[in-house]
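The structure under discussion appears below in the form of structure tokens.
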Amino acid sequence: MTGPATNHLTNRRGFLKIAAAGTAAALSRSLPAGAAEKTITILHESSFIKPFDEYVANTLAPAYEKETGIKIVYEVTSVGSLPTRISTIAETGSGADITMNGLLQVIQFSNKYLDVGDIAEEVGKAQGGWYDAGREAVVVDGKWKAIPFANIGQLMNWRTDLFAEVGVKKFPETWEELYEVGKKLKAKDHPFGFELGHGFGDNHGWLYPLLWSYGGSEVAADGKTVVIDSDETARAVDFCRKFFKDTMLDDVLGWTDVSNNKAWMAEQISCTNNAESILWFAKREFPEIGKVTDQAMNPAGPKGRFHLLNAISHSIFDFSPVRQEAQAFMRWLMQPKQLGGWYAIADSYYQPLVHGYENAPMWNVEPRNLPFRDALANAHLPGWPAPASRQLAEVVAKYVVIDMFAKACAGASTKDVIKDAAGQLKDIYRSA
């Protein structure tokens, strides 16, 4: 592990010098009287990278309490349960004061969150500016309803040794090139494995980028007009069908997010779309597999290369009795001394959404992770180019786009699956 990025960071424009702030005296001036008697609870979904959660509990929380006297309770919930936990807090008006958000929670619960635009603007100004993806993830109706933390990218994971068996030493640049390689690998009993079931990450991670790379989209930029019924969408669906048939295991139609991880460690597949956790886990538990695992950006289609924005962020509940203290804590947490160490402990599993970390020491730990940094330049939320909305969240929750592709792979006609998706989208966006 590298040490924290502290008082200065490097960005693409050279050295970005950031003065270390947040002394105990400065923090105490920003807090209301009696703050030392307060407790702030922050809710997080359990990380696949165990040291990430341990760093908060064992390093950051004690440091903040020592500086301010305020106790930080770091509450961890199981993977997949975060939306339910946030919903319960929002409905009852009690529980955590700060919550982590996954893919869509900022949209779903924005009316319960404080506007934290002042904090976000300060952080962006001090640390090289936000990626466009950072803003896209948290700005709802023109207001910053969360402070972006990081993206958990979904990229291509590939077995360099197996690809070499068919003469490929560099990951293919386009979907069609990857398809041709996949056919050869499946013929050698080394199929691909891309999730097409009802998981919450690995299906979205390649199907939305595939759709966009062929020029297809669900809804126009106005956030109202359904445009999925197009020649571009049809070409994406046709490609997906042959990609599934000729390169993959049949059972990917029923896979959820853990399925490809298990298949990877069992050496059943040669390529998949996943977060950095596959490599992280393989290096520790299956080192021989880890040695031959590499990562690459998604292939390009006729209209370019795209990636899924799978951002996590932090919001403050507007009904929290310690919301002022929570804002001060978030200012402290987002300073380089704290933030750099938190990022670094996870070996770049979490990709920062501010430009100031583009050349931080964390990227030197595992160079195979660099594509995750570069993918931020063309990462978007599901529903792009439409803005974040309640309708967008409903489309994802109902697996409209995922099922469009999956049904085609299962044998339905391109015309029928697009017609069905268009009908669902029109029903959902009718109220937009």
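Identifiers in the structure tokens: chain A, B, ... in order shown; residue index from 1 per chain; ligand index from 1 in order shown.
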
Could you build a table of the residues in range 298-413 of chain A lying no more than 8 Å from range 233-239 of chain A, giving for each the nearest pair of atoms and their separation in Å rounded to one decimal place, using only C-alpha atoms, ordered by chain and ascending residue number, as a tab-separated table?
```
residue	atom	partner	partner_atom	distance
A:Met404	CA	A:Val237	CA	7.9
A:Phe405	CA	A:Val237	CA	5.9
A:Ala408	CA	A:Val237	CA	6.9
```

Compile a residue-level contact table for range 201-269 of chain A against range 393-397 of chain A at a cut-off of 12 Å, reporting for every qualifying residue the shortest atom pair and its distance in Å to one decimal, with only C-alpha atoms counted, rows ordered by chain and ascending number, as a tab-separated table.
```
residue	atom	partner	partner_atom	distance
A:Gly201	CA	A:Val396	CA	10.7
A:Asn203	CA	A:Val396	CA	10.9
A:His204	CA	A:Val396	CA	8.7
A:Leu207	CA	A:Val396	CA	12.0
A:Tyr208	CA	A:Val396	CA	10.6
A:Glu218	CA	A:Val395	CA	9.5
A:Val219	CA	A:Val395	CA	10.8
A:Val226	CA	A:Val395	CA	12.0
```

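The space separating CA of Ala61 in chain A from CA of Tyr74 in chain A comes to 7.7 Å.
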
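We find CA of Phe319 in chain A and CA of Ser94 in chain A to be spaced 8.0 Å apart.
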
Run DSSP on the backbone of this structure and report the residues of range 300-400 of chain A it assigns to strand (DSSP E or B), as number ranges by chain. A: 300-301, 304, 307-308, 311-317, 351-352, 354, 379-380

Would you mind reading off the distance between CA of Trp363 in chain A and CA of Ser348 in chain A, one decimal, in Å? 6.4 Å

Near Ser320 in chain A, within 12 Å and counting only C-alpha atoms, which residues show up once chain neighbours fewer than 4 positions away are dropped, as an MDAnalysis selection string? chainID A and resid 38:42 89:90 92:99 112:114 315:316 324:327

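Non-sequential neighbours of Asp347 in chain A (distance at most 7 Å, separation of 2 or more positions within a chain, only C-alpha atoms) are Ala344, Ile345, Tyr349, Met362, Val365 and Glu366 of chain A.
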
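Checking A:Phe317, A:Asp420, A:Ala133, A:Glu37 one by one against Gly69 in chain A, counting only C-alpha atoms, you find the shortest gap at A:Glu37.
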